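Undergrad: Pasting input_21.txt below, which is compact mmCIF, C-alpha atoms and all ligand atoms.
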```
# COMPACT_ATOMS: atom_id res chain seq x y z
CA MET A 1 0.00 0.00 0.00
CA GLU A 2 1.40 3.43 -1.00
CA ASP A 3 1.89 5.77 1.96
CA PRO A 4 0.53 9.25 0.97
CA GLU A 5 2.68 10.93 3.67
CA HIS A 6 5.83 9.33 2.35
CA GLU A 7 8.49 11.72 1.03
CA PRO A 8 10.44 9.87 -1.68
CA VAL A 9 14.02 9.05 -0.70
CA THR A 10 16.05 10.19 -3.72
CA GLY A 11 19.43 11.35 -2.45
CA ASN A 12 18.91 14.26 -4.89
CA ALA A 13 19.30 11.97 -7.91
CA PRO A 14 16.64 12.07 -10.66
CA PRO A 15 14.14 9.23 -10.08
CA PRO A 16 13.38 6.73 -12.85
CA PRO A 17 10.15 7.17 -14.86
CA GLU A 18 6.92 6.10 -13.11
CA ASN A 19 6.67 2.90 -15.20
CA VAL A 20 9.99 1.58 -13.89
CA ALA A 21 9.64 -0.51 -10.72
CA ILE A 22 13.32 -1.34 -10.19
CA GLU A 23 16.42 0.41 -11.44
CA MET A 24 20.05 -0.22 -10.56
CA ARG A 25 22.52 2.42 -11.65
CA ASN A 26 26.21 1.61 -11.82
CA VAL A 27 26.13 -0.57 -8.70
CA HIS A 28 29.47 -1.71 -7.31
CA LYS A 29 29.92 -4.19 -4.48
CA ALA A 30 33.05 -5.83 -3.07
CA PHE A 31 33.53 -8.21 -0.14
CA GLY A 32 37.03 -7.45 1.12
CA THR A 33 39.20 -7.39 -1.97
CA LYS A 34 36.77 -9.49 -4.01
CA GLU A 35 34.82 -7.27 -6.39
CA VAL A 36 31.52 -9.02 -7.14
CA LEU A 37 29.48 -6.28 -8.84
CA LYS A 38 31.51 -3.94 -11.05
CA GLY A 39 28.97 -1.44 -12.34
CA ILE A 40 25.58 -3.10 -12.72
CA SER A 41 22.88 -1.10 -14.45
CA LEU A 42 19.44 -2.51 -15.23
CA ALA A 43 15.78 -1.53 -15.18
CA VAL A 44 12.63 -3.63 -14.77
CA GLU A 45 9.31 -2.07 -15.76
CA ARG A 46 6.25 -2.38 -13.55
CA GLY A 47 4.18 -5.47 -14.23
CA THR A 48 6.97 -7.26 -16.11
CA SER A 49 9.36 -10.10 -15.32
CA GLY A 50 13.12 -9.63 -15.42
CA VAL A 51 15.31 -12.72 -15.38
CA VAL A 52 18.94 -12.69 -14.24
CA LEU A 53 21.07 -15.30 -15.96
CA GLY A 54 24.72 -16.20 -15.50
CA GLY A 55 27.15 -18.85 -14.32
CA SER A 56 27.59 -20.04 -10.76
CA GLY A 57 29.14 -17.53 -8.34
CA THR A 58 28.82 -14.58 -10.72
CA GLY A 59 26.85 -12.42 -8.29
CA LYS A 60 23.20 -13.07 -9.13
CA SER A 61 22.12 -13.45 -5.49
CA VAL A 62 24.27 -10.49 -4.45
CA LEU A 63 22.51 -8.44 -7.13
CA THR A 64 19.00 -9.35 -5.95
CA LYS A 65 19.89 -8.78 -2.30
CA HIS A 66 20.57 -5.15 -3.22
CA ILE A 67 17.02 -4.85 -4.56
CA VAL A 68 15.51 -5.92 -1.22
CA GLY A 69 17.94 -3.74 0.72
CA LEU A 70 19.65 -6.71 2.39
CA LEU A 71 22.98 -5.49 0.97
CA LYS A 72 24.09 -1.89 0.40
CA PRO A 73 26.19 -0.96 -2.62
CA ASP A 74 29.67 0.53 -2.19
CA ARG A 75 28.80 2.83 -5.07
CA GLY A 76 25.74 3.37 -7.29
CA GLU A 77 21.98 3.69 -6.81
CA VAL A 78 19.22 1.14 -6.25
CA TRP A 79 15.71 2.44 -6.96
CA VAL A 80 12.68 0.44 -5.88
CA LEU A 81 9.13 1.75 -6.36
CA GLY A 82 10.23 5.38 -6.44
CA ASP A 83 12.77 5.34 -3.59
CA ARG A 84 16.51 4.83 -3.24
CA ILE A 85 16.33 1.66 -1.14
CA ASP A 86 20.11 1.83 -0.72
CA LEU A 87 19.65 5.01 1.36
CA MET A 88 16.80 3.68 3.52
CA SER A 89 16.97 2.19 7.01
CA GLY A 90 14.77 1.59 10.07
CA ASP A 91 10.97 1.82 9.77
CA PRO A 92 10.83 3.24 6.23
CA LEU A 93 13.00 0.34 5.00
CA ASP A 94 10.84 -2.18 6.88
CA ARG A 95 7.68 -0.69 5.32
CA LYS A 96 9.23 -0.79 1.86
CA ARG A 97 10.27 -4.41 2.39
CA LEU A 98 6.66 -5.37 3.09
CA ARG A 99 5.93 -4.48 -0.54
CA LEU A 100 8.65 -6.88 -1.68
CA GLY A 101 8.35 -10.64 -1.49
CA TYR A 102 11.54 -12.69 -1.53
CA LEU A 103 11.22 -16.36 -2.38
CA PHE A 104 14.45 -18.01 -1.31
CA GLN A 105 15.84 -21.18 -2.78
CA GLY A 106 14.12 -24.15 -1.15
CA GLY A 107 11.07 -22.16 0.00
CA ALA A 108 12.11 -22.60 3.64
CA LEU A 109 8.91 -24.02 5.12
CA PHE A 110 8.94 -25.24 8.70
CA ASP A 111 8.69 -29.05 8.61
CA SER A 112 6.99 -29.30 12.00
CA MET A 113 4.09 -27.06 10.94
CA THR A 114 1.21 -27.72 8.56
CA VAL A 115 0.81 -25.55 5.47
CA TYR A 116 -1.84 -23.52 7.31
CA GLU A 117 0.38 -23.06 10.37
CA ASN A 118 3.35 -22.05 8.22
CA MET A 119 1.27 -19.35 6.62
CA ARG A 120 -0.34 -18.19 9.86
CA PHE A 121 3.08 -17.92 11.48
CA PHE A 122 4.16 -15.57 8.72
CA LEU A 123 1.04 -13.40 9.10
CA ASP A 124 1.32 -13.34 12.92
CA ARG A 125 4.86 -12.01 12.60
CA HIS A 126 4.12 -9.33 10.04
CA THR A 127 0.52 -8.15 10.59
CA LYS A 128 -2.00 -7.29 13.30
CA LEU A 129 -5.03 -8.56 11.39
CA SER A 130 -7.90 -10.40 13.10
CA LYS A 131 -8.00 -14.18 13.16
CA GLY A 132 -10.81 -14.21 10.58
CA GLU A 133 -8.93 -11.89 8.23
CA LYS A 134 -5.81 -14.02 8.54
CA ASN A 135 -7.77 -17.18 7.77
CA ASP A 136 -9.26 -15.51 4.68
CA LEU A 137 -5.82 -14.46 3.46
CA VAL A 138 -4.45 -17.99 3.91
CA GLU A 139 -7.39 -19.44 1.95
CA GLU A 140 -7.02 -16.86 -0.83
CA SER A 141 -3.28 -17.39 -1.20
CA LEU A 142 -3.70 -21.16 -1.38
CA GLU A 143 -6.34 -20.63 -4.09
CA ASP A 144 -3.87 -18.38 -5.94
CA VAL A 145 -1.42 -21.27 -6.27
CA ASN A 146 -4.20 -23.84 -6.88
CA LEU A 147 -3.46 -25.83 -3.71
CA PRO A 148 -6.36 -25.21 -1.30
CA GLN A 149 -6.53 -28.92 -0.48
CA THR A 150 -3.05 -28.95 1.12
CA LYS A 151 -4.00 -26.70 4.04
CA HIS A 152 -3.68 -29.37 6.73
CA GLN A 153 -0.74 -31.25 5.22
CA TYR A 154 2.87 -31.15 6.39
CA PRO A 155 5.69 -30.15 3.99
CA ALA A 156 7.01 -33.75 3.98
CA GLU A 157 3.70 -34.85 2.43
CA LEU A 158 4.08 -32.46 -0.53
CA SER A 159 5.98 -32.86 -3.81
CA GLY A 160 8.90 -30.55 -4.64
CA GLY A 161 6.73 -28.50 -6.99
CA GLN A 162 3.94 -28.21 -4.41
CA LYS A 163 6.45 -26.99 -1.79
CA LYS A 164 7.64 -24.26 -4.16
CA ARG A 165 4.03 -23.23 -4.75
CA ILE A 166 3.30 -23.11 -1.01
CA GLY A 167 6.45 -21.00 -0.55
CA LEU A 168 5.03 -18.71 -3.22
CA ALA A 169 1.59 -18.63 -1.54
CA ARG A 170 3.30 -17.56 1.69
CA THR A 171 5.12 -14.77 -0.16
CA LEU A 172 1.84 -13.68 -1.79
CA ILE A 173 -0.04 -13.47 1.47
CA LEU A 174 1.30 -9.98 2.21
CA ARG A 175 0.19 -8.81 -1.26
CA PRO A 176 3.62 -7.64 -2.48
CA ASP A 177 4.06 -5.41 -5.55
CA ILE A 178 7.36 -7.08 -6.42
CA ILE A 179 8.52 -10.67 -5.97
CA LEU A 180 12.13 -11.79 -6.20
CA TYR A 181 12.67 -15.45 -6.96
CA ASP A 182 15.98 -17.18 -6.31
CA GLU A 183 16.02 -20.32 -8.49
CA PRO A 184 12.25 -20.93 -8.29
CA THR A 185 12.36 -24.20 -10.25
CA THR A 186 15.62 -25.85 -9.18
CA GLY A 187 15.33 -29.58 -8.71
CA LEU A 188 11.89 -29.87 -10.34
CA ASP A 189 10.91 -32.14 -13.21
CA PRO A 190 9.92 -30.35 -16.46
CA VAL A 191 6.17 -30.69 -15.79
CA SER A 192 6.50 -29.03 -12.37
CA VAL A 193 8.86 -26.40 -13.83
CA ARG A 194 6.09 -25.42 -16.22
CA VAL A 195 3.47 -25.28 -13.45
CA VAL A 196 5.61 -22.97 -11.29
CA ALA A 197 6.71 -20.81 -14.24
CA ASP A 198 3.12 -20.51 -15.50
CA LEU A 199 2.08 -19.39 -12.04
CA ILE A 200 4.69 -16.61 -12.06
CA VAL A 201 3.29 -15.46 -15.42
CA LYS A 202 -0.29 -15.64 -14.09
CA LEU A 203 0.64 -13.40 -11.15
CA ARG A 204 2.14 -10.88 -13.56
CA ASP A 205 -0.93 -10.92 -15.79
CA THR A 206 -3.69 -10.96 -13.17
CA ARG A 207 -2.10 -8.92 -10.36
CA GLY A 208 0.45 -6.85 -12.24
CA ILE A 209 3.20 -8.18 -9.99
CA THR A 210 6.70 -7.17 -11.06
CA SER A 211 9.26 -9.90 -10.67
CA VAL A 212 12.94 -10.57 -10.82
CA ALA A 213 13.96 -14.19 -11.05
CA ILE A 214 17.38 -15.78 -10.91
CA THR A 215 17.39 -19.01 -12.81
CA HIS A 216 19.68 -21.54 -14.48
CA ASP A 217 16.67 -23.23 -15.96
CA LEU A 218 16.12 -22.27 -19.59
CA LEU A 219 12.69 -23.86 -19.75
CA ALA A 220 11.55 -21.64 -16.86
CA ALA A 221 13.33 -18.63 -18.37
CA GLU A 222 11.55 -19.16 -21.68
CA ILE A 223 8.16 -19.04 -19.96
CA ILE A 224 8.86 -16.23 -17.51
CA THR A 225 11.19 -13.75 -19.23
CA ASP A 226 10.10 -10.37 -20.50
CA ARG A 227 13.64 -9.07 -20.24
CA ALA A 228 16.79 -11.06 -19.53
CA PHE A 229 20.00 -9.74 -17.99
CA PHE A 230 23.13 -11.83 -18.36
CA ILE A 231 25.77 -11.21 -15.71
CA TYR A 232 29.44 -12.04 -16.19
CA ASP A 233 32.54 -10.75 -14.41
CA GLY A 234 30.49 -8.31 -12.34
CA LYS A 235 28.75 -6.68 -15.28
CA ILE A 236 25.62 -7.15 -17.41
CA ILE A 237 27.13 -8.24 -20.72
CA ALA A 238 23.80 -8.70 -22.55
CA SER A 239 20.17 -7.76 -22.02
CA GLY A 240 16.95 -7.95 -23.99
CA SER A 241 14.43 -10.65 -24.83
CA LEU A 242 15.68 -14.18 -24.21
CA ASN A 243 16.08 -14.68 -27.97
CA GLU A 244 18.10 -11.50 -28.33
CA VAL A 245 20.43 -12.55 -25.52
CA ARG A 246 20.68 -16.07 -26.91
CA LYS A 247 21.76 -14.73 -30.33
CA GLU A 248 24.60 -12.56 -28.96
CA LYS A 249 27.97 -13.57 -30.33
CA HIS A 250 29.91 -13.77 -27.08
CA PRO A 251 31.83 -16.91 -26.10
CA VAL A 252 30.45 -16.88 -22.54
CA LEU A 253 26.87 -16.59 -23.76
CA GLU A 254 27.36 -19.24 -26.42
CA GLU A 255 28.77 -21.63 -23.83
CA PHE A 256 25.94 -20.89 -21.38
CA PHE A 257 23.19 -21.51 -23.91
CA GLN A 258 24.90 -24.58 -25.33
CA GLY A 259 25.38 -26.01 -21.87
CA THR A 260 21.71 -25.59 -21.04
CA GLU A 261 20.26 -26.35 -24.46
CA ALA A 262 19.30 -29.94 -23.74
CA TYR A 263 17.23 -28.92 -20.70
CA GLY A 264 15.82 -25.85 -22.41
CA SER A 265 14.30 -27.92 -25.18
CA ALA A 266 12.96 -30.64 -22.83
N1 LIG A 301 28.17 -11.91 2.42
C1 LIG A 301 29.21 -12.25 1.65
N2 LIG A 301 30.47 -12.14 2.09
C2 LIG A 301 31.52 -12.46 1.30
N3 LIG A 301 31.41 -12.93 0.04
C3 LIG A 301 30.17 -13.06 -0.46
C4 LIG A 301 29.01 -12.74 0.32
N4 LIG A 301 27.91 -12.98 -0.45
C5 LIG A 301 28.37 -13.44 -1.64
N5 LIG A 301 29.73 -13.49 -1.64
C6 LIG A 301 30.56 -13.91 -2.78
O1 LIG A 301 30.11 -13.25 -3.94
C7 LIG A 301 30.20 -14.10 -5.08
C8 LIG A 301 28.87 -14.15 -5.80
O2 LIG A 301 27.93 -14.88 -4.99
P1 LIG A 301 26.41 -15.10 -5.40
O3 LIG A 301 25.80 -15.94 -4.34
O4 LIG A 301 25.78 -13.81 -5.72
O5 LIG A 301 26.56 -15.94 -6.74
P2 LIG A 301 25.42 -16.54 -7.67
O6 LIG A 301 25.65 -16.00 -9.04
O7 LIG A 301 24.08 -16.29 -7.07
O8 LIG A 301 25.81 -18.08 -7.63
P3 LIG A 301 24.94 -19.45 -7.72
O9 LIG A 301 24.33 -19.46 -9.10
O10 LIG A 301 25.98 -20.50 -7.56
O11 LIG A 301 23.93 -19.40 -6.62
C9 LIG A 301 30.68 -15.45 -4.57
O12 LIG A 301 32.06 -15.55 -4.81
C10 LIG A 301 30.39 -15.40 -3.09
O13 LIG A 301 31.33 -16.16 -2.38
```
Starting from the file, lay out its structure as structure tokens.

TA:
Amino acid sequence: MEDPEHEPVTGNAPPPPENVAIEMRNVHKAFGTKEVLKGISLAVERGTSGVVLGGSGTGKSVLTKHIVGLLKPDRGEVWVLGDRIDLMSGDPLDRKRLRLGYLFQGGALFDSMTVYENMRFFLDRHTKLSKGEKNDLVEESLEDVNLPQTKHQYPAELSGGQKKRIGLARTLILRPDIILYDEPTTGLDPVSVRVVADLIVKLRDTRGITSVAITHDLLAAEIITDRAFFIYDGKIIASGSLNEVRKEKHPVLEEFFQGTEAYGSA
């Protein structure tokens, strides 16, 4: 929910146009002497899906952690929904984060709790809604991922794809404007990959949710991507539609797409 009293945090830099949900401008980040991001610039428009591609250890997770404000850049700007999230802290940062959902690898459900309890726990921590309102939100979110029947099941009783969808339902429960997905389809068979990827597209189309997904999975990328960003050696070396990026004549890109071709055409 937009806060009408909120003064945008800009650091006196010109904000991106209204239709841009996320913009990174020349972001640099090092850990000790290891430079991970060496001038990342990218923009994701509202209601679209950006996909970050690249080899292992190239900085994809570090990049997305800047978007949720979990990491601060050494240099550069990170704009999220009209504010410089890199300059925010305390309550304003917490309020901004409530508009961002972050779906970690693995979904991270508590094994000792049912699906319903997992979701209630999340709502109890983050909201002061009544019990009835919370129950309604749980029901609605389970409907959103087409799994209302799993409410009283434990994570161990669910398939890998179902667990990912419950993780997504839990992220959706706070009605975020943006969702970041870290490898949303890892370890799934191609049928489940399609189900999860189709769901991400459905959320874009029906709710206008903006998303950024990190994935190694070309099948998922083909379904999800509006705009792809390929990261290598701390920089975005190609961006555009998946086909545009795939056609780039760059040895790293050629190797990446060759290496994943078999899965991508599954
Ligand atoms: N908090 C941290 N402290 C020190 N080094 C870090 C930290 N976070 C990430 N790194 C380093 O930054 C580099 C990029 O890590 P990152 O997790 O972003 O890679 P990735 O592209 O997401 O990899 P993968 O596809 O294997 O998950 C790695 O060398 C990692 O060791």

Undergrad: Using all atoms listed in the file, which protein or nucleic acid residues come within 8 Å of region 202-219 of chain A? Drop anything in the same chain fewer than 4 positions from it, and give the result as a ChimeraX atom specification.

TA: /A:21,44-55,60-61,64,176-186,190,193-194,198,223,260-261,263-266

Undergrad: What is the CA of Asp124 (chain A)-CA of Leu174 (chain A) distance in Å, reported with one decimal?

TA: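 It comes out at 11.2 Å.
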
Undergrad: Taking all atoms listed in the file into account, name the residue in A:Glu117, A:Val68, A:Lys164, A:Arg175 that is nearest to Glu140 (chain A).

TA: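 When distances to Glu140 (chain A) are compared using all atoms listed in the file, the smallest one comes from A:Arg175.
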
Undergrad: List as JSON, numbers by chain the protein and nucleic acid residues lying within 6 Å of ligand LIG 301 (chain A), with all atoms listed in the file counted.

TA: {"A": [31, 36, 55, 56, 57, 58, 59, 60, 61, 62]}

Undergrad: One decimal, in Å: what's the spacing between CA of Pro148 (chain A) and CA of Gly160 (chain A)?

TA: 16.5 Å

Undergrad: Once 5 Å is added on each side, what are the centre and the three edge lengths, in Å to one decimal, of the axis-aligned box enclosing the listed atoms of region 154-173 of chain A? Present them as lines of an AutoDock Vina configuration file.

TA:
```
center_x = 4.4
center_y = -24.2
center_z = -0.3
size_x = 18.9
size_y = 31.4
size_z = 23.4
```

Undergrad: For CA of Thr171 (chain A) and CA of His6 (chain A), determine how far apart the two atoms are, in Å to one decimal place.

TA: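 Spanning CA of Thr171 (chain A) to CA of His6 (chain A) is a straight-line distance of 24.2 Å.
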
Undergrad: Restricting the calculation to all atoms listed in the file: of A:Thr225, A:Gln153, A:Asn12, A:Ser141, which residue gets closest to Arg170 (chain A)?

TA: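 Using all atoms listed in the file, the shortest distance to Arg170 (chain A) belongs to A:Ser141.
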
Undergrad: Please identify all polymer residues within 6 Å of Lys38 (chain A), counting all atoms listed in the file, omitting same-chain residues fewer than 2 positions from it, and present them as a ChimeraX atom specification.

TA: /A:28,234-235

Undergrad: Can you pull out every residue within 8 Å of Arg25 (chain A), counting only C-alpha atoms, but drop anything in the same chain fewer than 4 positions away, and send it as a ChimeraX atom specification?

TA: /A:39-42,76-78

Undergrad: Within 7 Å of Lys72 (chain A), counting all atoms listed in the file, which residues show up once you throw out same-chain ones fewer than 3 positions away? Write them as JSON, numbers by chain, please.

TA: {"A": [66, 69, 86]}

Undergrad: Find the residue from A:Leu87, A:Ala197, A:Leu98, A:Leu93 that sits nearest to Arg125 (chain A); use all atoms listed in the file when measuring.

TA: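 Among the listed residues, the smallest separation from Arg125 (chain A) belongs to A:Leu98.
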
Undergrad: Please identify all polymer residues within 8 Å of Leu242 (chain A), counting only C-alpha atoms, omitting same-chain residues fewer than 2 positions from it, and present them as a PyMOL selection string.

TA: chain A and resi 221-222+225-228+240+244-246

Undergrad: Next, write the just-selected residues to a file, as a PDB file, in the coordinates of the input, keeping C-alpha atoms as the atom set.

TA:
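Saved to again.pdb:
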```
ATOM      1  CA  ALA A 221      13.330 -18.630 -18.370  1.00  0.00           C
ATOM      2  CA  GLU A 222      11.550 -19.160 -21.680  1.00  0.00           C
ATOM      3  CA  THR A 225      11.190 -13.750 -19.230  1.00  0.00           C
ATOM      4  CA  ASP A 226      10.100 -10.370 -20.500  1.00  0.00           C
ATOM      5  CA  ARG A 227      13.640  -9.070 -20.240  1.00  0.00           C
ATOM      6  CA  ALA A 228      16.790 -11.060 -19.530  1.00  0.00           C
ATOM      7  CA  GLY A 240      16.950  -7.950 -23.990  1.00  0.00           C
ATOM      8  CA  GLU A 244      18.100 -11.500 -28.330  1.00  0.00           C
ATOM      9  CA  VAL A 245      20.430 -12.550 -25.520  1.00  0.00           C
ATOM     10  CA  ARG A 246      20.680 -16.070 -26.910  1.00  0.00           C
TER      11      ARG A 246
END
```

Undergrad: Kindly indicate which residue among A:Lys65, A:Lys29, A:Lys131, A:Arg120 lies nearest to Ala169 (chain A), using all atoms listed in the file for the distances.

TA: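 Ranking A:Lys65, A:Lys29, A:Lys131, A:Arg120 by distance to Ala169 (chain A), first place goes to A:Arg120.
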
Undergrad: With all atoms listed in the file as the basis for distance, which of A:Ala43, A:Lys34, A:Val191, A:Arg99 is at the shortest distance from Phe229 (chain A)?

TA: A:Ala43

Undergrad: Can you find the residues with an atom no farther than 12 Å from (-7.0, -14.4, 7.3), counting only C-alpha atoms, and report them as a compact mmCIF listing (two decimals) with C-alpha atoms, in the frame of the given file?

TA:
```txt
# COMPACT_ATOMS: atom_id res chain seq x y z
CA TYR A 116 -1.84 -23.52 7.31
CA GLU A 117 0.38 -23.06 10.37
CA MET A 119 1.27 -19.35 6.62
CA ARG A 120 -0.34 -18.19 9.86
CA PHE A 121 3.08 -17.92 11.48
CA PHE A 122 4.16 -15.57 8.72
CA LEU A 123 1.04 -13.40 9.10
CA ASP A 124 1.32 -13.34 12.92
CA THR A 127 0.52 -8.15 10.59
CA LYS A 128 -2.00 -7.29 13.30
CA LEU A 129 -5.03 -8.56 11.39
CA SER A 130 -7.90 -10.40 13.10
CA LYS A 131 -8.00 -14.18 13.16
CA GLY A 132 -10.81 -14.21 10.58
CA GLU A 133 -8.93 -11.89 8.23
CA LYS A 134 -5.81 -14.02 8.54
CA ASN A 135 -7.77 -17.18 7.77
CA ASP A 136 -9.26 -15.51 4.68
CA LEU A 137 -5.82 -14.46 3.46
CA VAL A 138 -4.45 -17.99 3.91
CA GLU A 139 -7.39 -19.44 1.95
CA GLU A 140 -7.02 -16.86 -0.83
CA SER A 141 -3.28 -17.39 -1.20
CA LEU A 142 -3.70 -21.16 -1.38
CA ILE A 173 -0.04 -13.47 1.47
CA LEU A 174 1.30 -9.98 2.21
```

Undergrad: Can you put N, CA and C atoms back into region 45-62 of chain A and show it as a PDB file, in the coordinates of the input?

TA:
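Once everything was written out, this is rebuild05.pdb:
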```pdb
ATOM      1  N   GLU A  45      10.544  -2.856 -15.748  1.00  0.00           N
ATOM      2  CA  GLU A  45       9.310  -2.070 -15.760  1.00  0.00           C
ATOM      3  C   GLU A  45       8.243  -2.710 -14.879  1.00  0.00           C
ATOM      4  N   ARG A  46       7.349  -1.869 -14.381  1.00  0.00           N
ATOM      5  CA  ARG A  46       6.250  -2.380 -13.550  1.00  0.00           C
ATOM      6  C   ARG A  46       5.440  -3.401 -14.316  1.00  0.00           C
ATOM      7  N   GLY A  47       5.043  -4.462 -13.615  1.00  0.00           N
ATOM      8  CA  GLY A  47       4.180  -5.470 -14.230  1.00  0.00           C
ATOM      9  C   GLY A  47       4.891  -6.352 -15.237  1.00  0.00           C
ATOM     10  N   THR A  48       6.228  -6.363 -15.202  1.00  0.00           N
ATOM     11  CA  THR A  48       6.970  -7.260 -16.110  1.00  0.00           C
ATOM     12  C   THR A  48       7.911  -8.150 -15.305  1.00  0.00           C
ATOM     13  N   SER A  49       8.450  -9.158 -15.988  1.00  0.00           N
ATOM     14  CA  SER A  49       9.360 -10.100 -15.320  1.00  0.00           C
ATOM     15  C   SER A  49      10.760  -9.994 -15.899  1.00  0.00           C
ATOM     16  N   GLY A  50      11.703  -9.650 -15.040  1.00  0.00           N
ATOM     17  CA  GLY A  50      13.120  -9.630 -15.420  1.00  0.00           C
ATOM     18  C   GLY A  50      13.756 -10.928 -14.955  1.00  0.00           C
ATOM     19  N   VAL A  51      14.643 -11.469 -15.765  1.00  0.00           N
ATOM     20  CA  VAL A  51      15.310 -12.720 -15.380  1.00  0.00           C
ATOM     21  C   VAL A  51      16.816 -12.502 -15.433  1.00  0.00           C
ATOM     22  N   VAL A  52      17.483 -12.849 -14.327  1.00  0.00           N
ATOM     23  CA  VAL A  52      18.940 -12.690 -14.240  1.00  0.00           C
ATOM     24  C   VAL A  52      19.584 -14.035 -14.517  1.00  0.00           C
ATOM     25  N   LEU A  53      20.402 -14.072 -15.566  1.00  0.00           N
ATOM     26  CA  LEU A  53      21.070 -15.300 -15.960  1.00  0.00           C
ATOM     27  C   LEU A  53      22.575 -15.141 -15.755  1.00  0.00           C
ATOM     28  N   GLY A  54      23.259 -16.257 -15.620  1.00  0.00           N
ATOM     29  CA  GLY A  54      24.720 -16.200 -15.500  1.00  0.00           C
ATOM     30  C   GLY A  54      25.233 -17.432 -14.804  1.00  0.00           C
ATOM     31  N   GLY A  55      26.533 -17.653 -14.909  1.00  0.00           N
ATOM     32  CA  GLY A  55      27.150 -18.850 -14.320  1.00  0.00           C
ATOM     33  C   GLY A  55      27.136 -18.803 -12.799  1.00  0.00           C
ATOM     34  N   SER A  56      27.573 -19.915 -12.217  1.00  0.00           N
ATOM     35  CA  SER A  56      27.590 -20.040 -10.760  1.00  0.00           C
ATOM     36  C   SER A  56      28.606 -19.055 -10.156  1.00  0.00           C
ATOM     37  N   GLY A  57      28.216 -18.417  -9.062  1.00  0.00           N
ATOM     38  CA  GLY A  57      29.140 -17.530  -8.340  1.00  0.00           C
ATOM     39  C   GLY A  57      29.404 -16.205  -9.031  1.00  0.00           C
ATOM     40  N   THR A  58      28.563 -15.828  -9.986  1.00  0.00           N
ATOM     41  CA  THR A  58      28.820 -14.580 -10.720  1.00  0.00           C
ATOM     42  C   THR A  58      28.170 -13.356 -10.061  1.00  0.00           C
ATOM     43  N   GLY A  59      27.395 -13.571  -9.008  1.00  0.00           N
ATOM     44  CA  GLY A  59      26.850 -12.420  -8.290  1.00  0.00           C
ATOM     45  C   GLY A  59      25.346 -12.213  -8.450  1.00  0.00           C
ATOM     46  N   LYS A  60      24.644 -13.241  -8.914  1.00  0.00           N
ATOM     47  CA  LYS A  60      23.200 -13.070  -9.130  1.00  0.00           C
ATOM     48  C   LYS A  60      22.457 -12.840  -7.809  1.00  0.00           C
ATOM     49  N   SER A  61      22.806 -13.639  -6.788  1.00  0.00           N
ATOM     50  CA  SER A  61      22.120 -13.450  -5.490  1.00  0.00           C
ATOM     51  C   SER A  61      22.535 -12.126  -4.858  1.00  0.00           C
ATOM     52  N   VAL A  62      23.805 -11.777  -4.995  1.00  0.00           N
ATOM     53  CA  VAL A  62      24.270 -10.490  -4.450  1.00  0.00           C
ATOM     54  C   VAL A  62      23.485  -9.345  -5.107  1.00  0.00           C
TER      55      VAL A  62
END
```
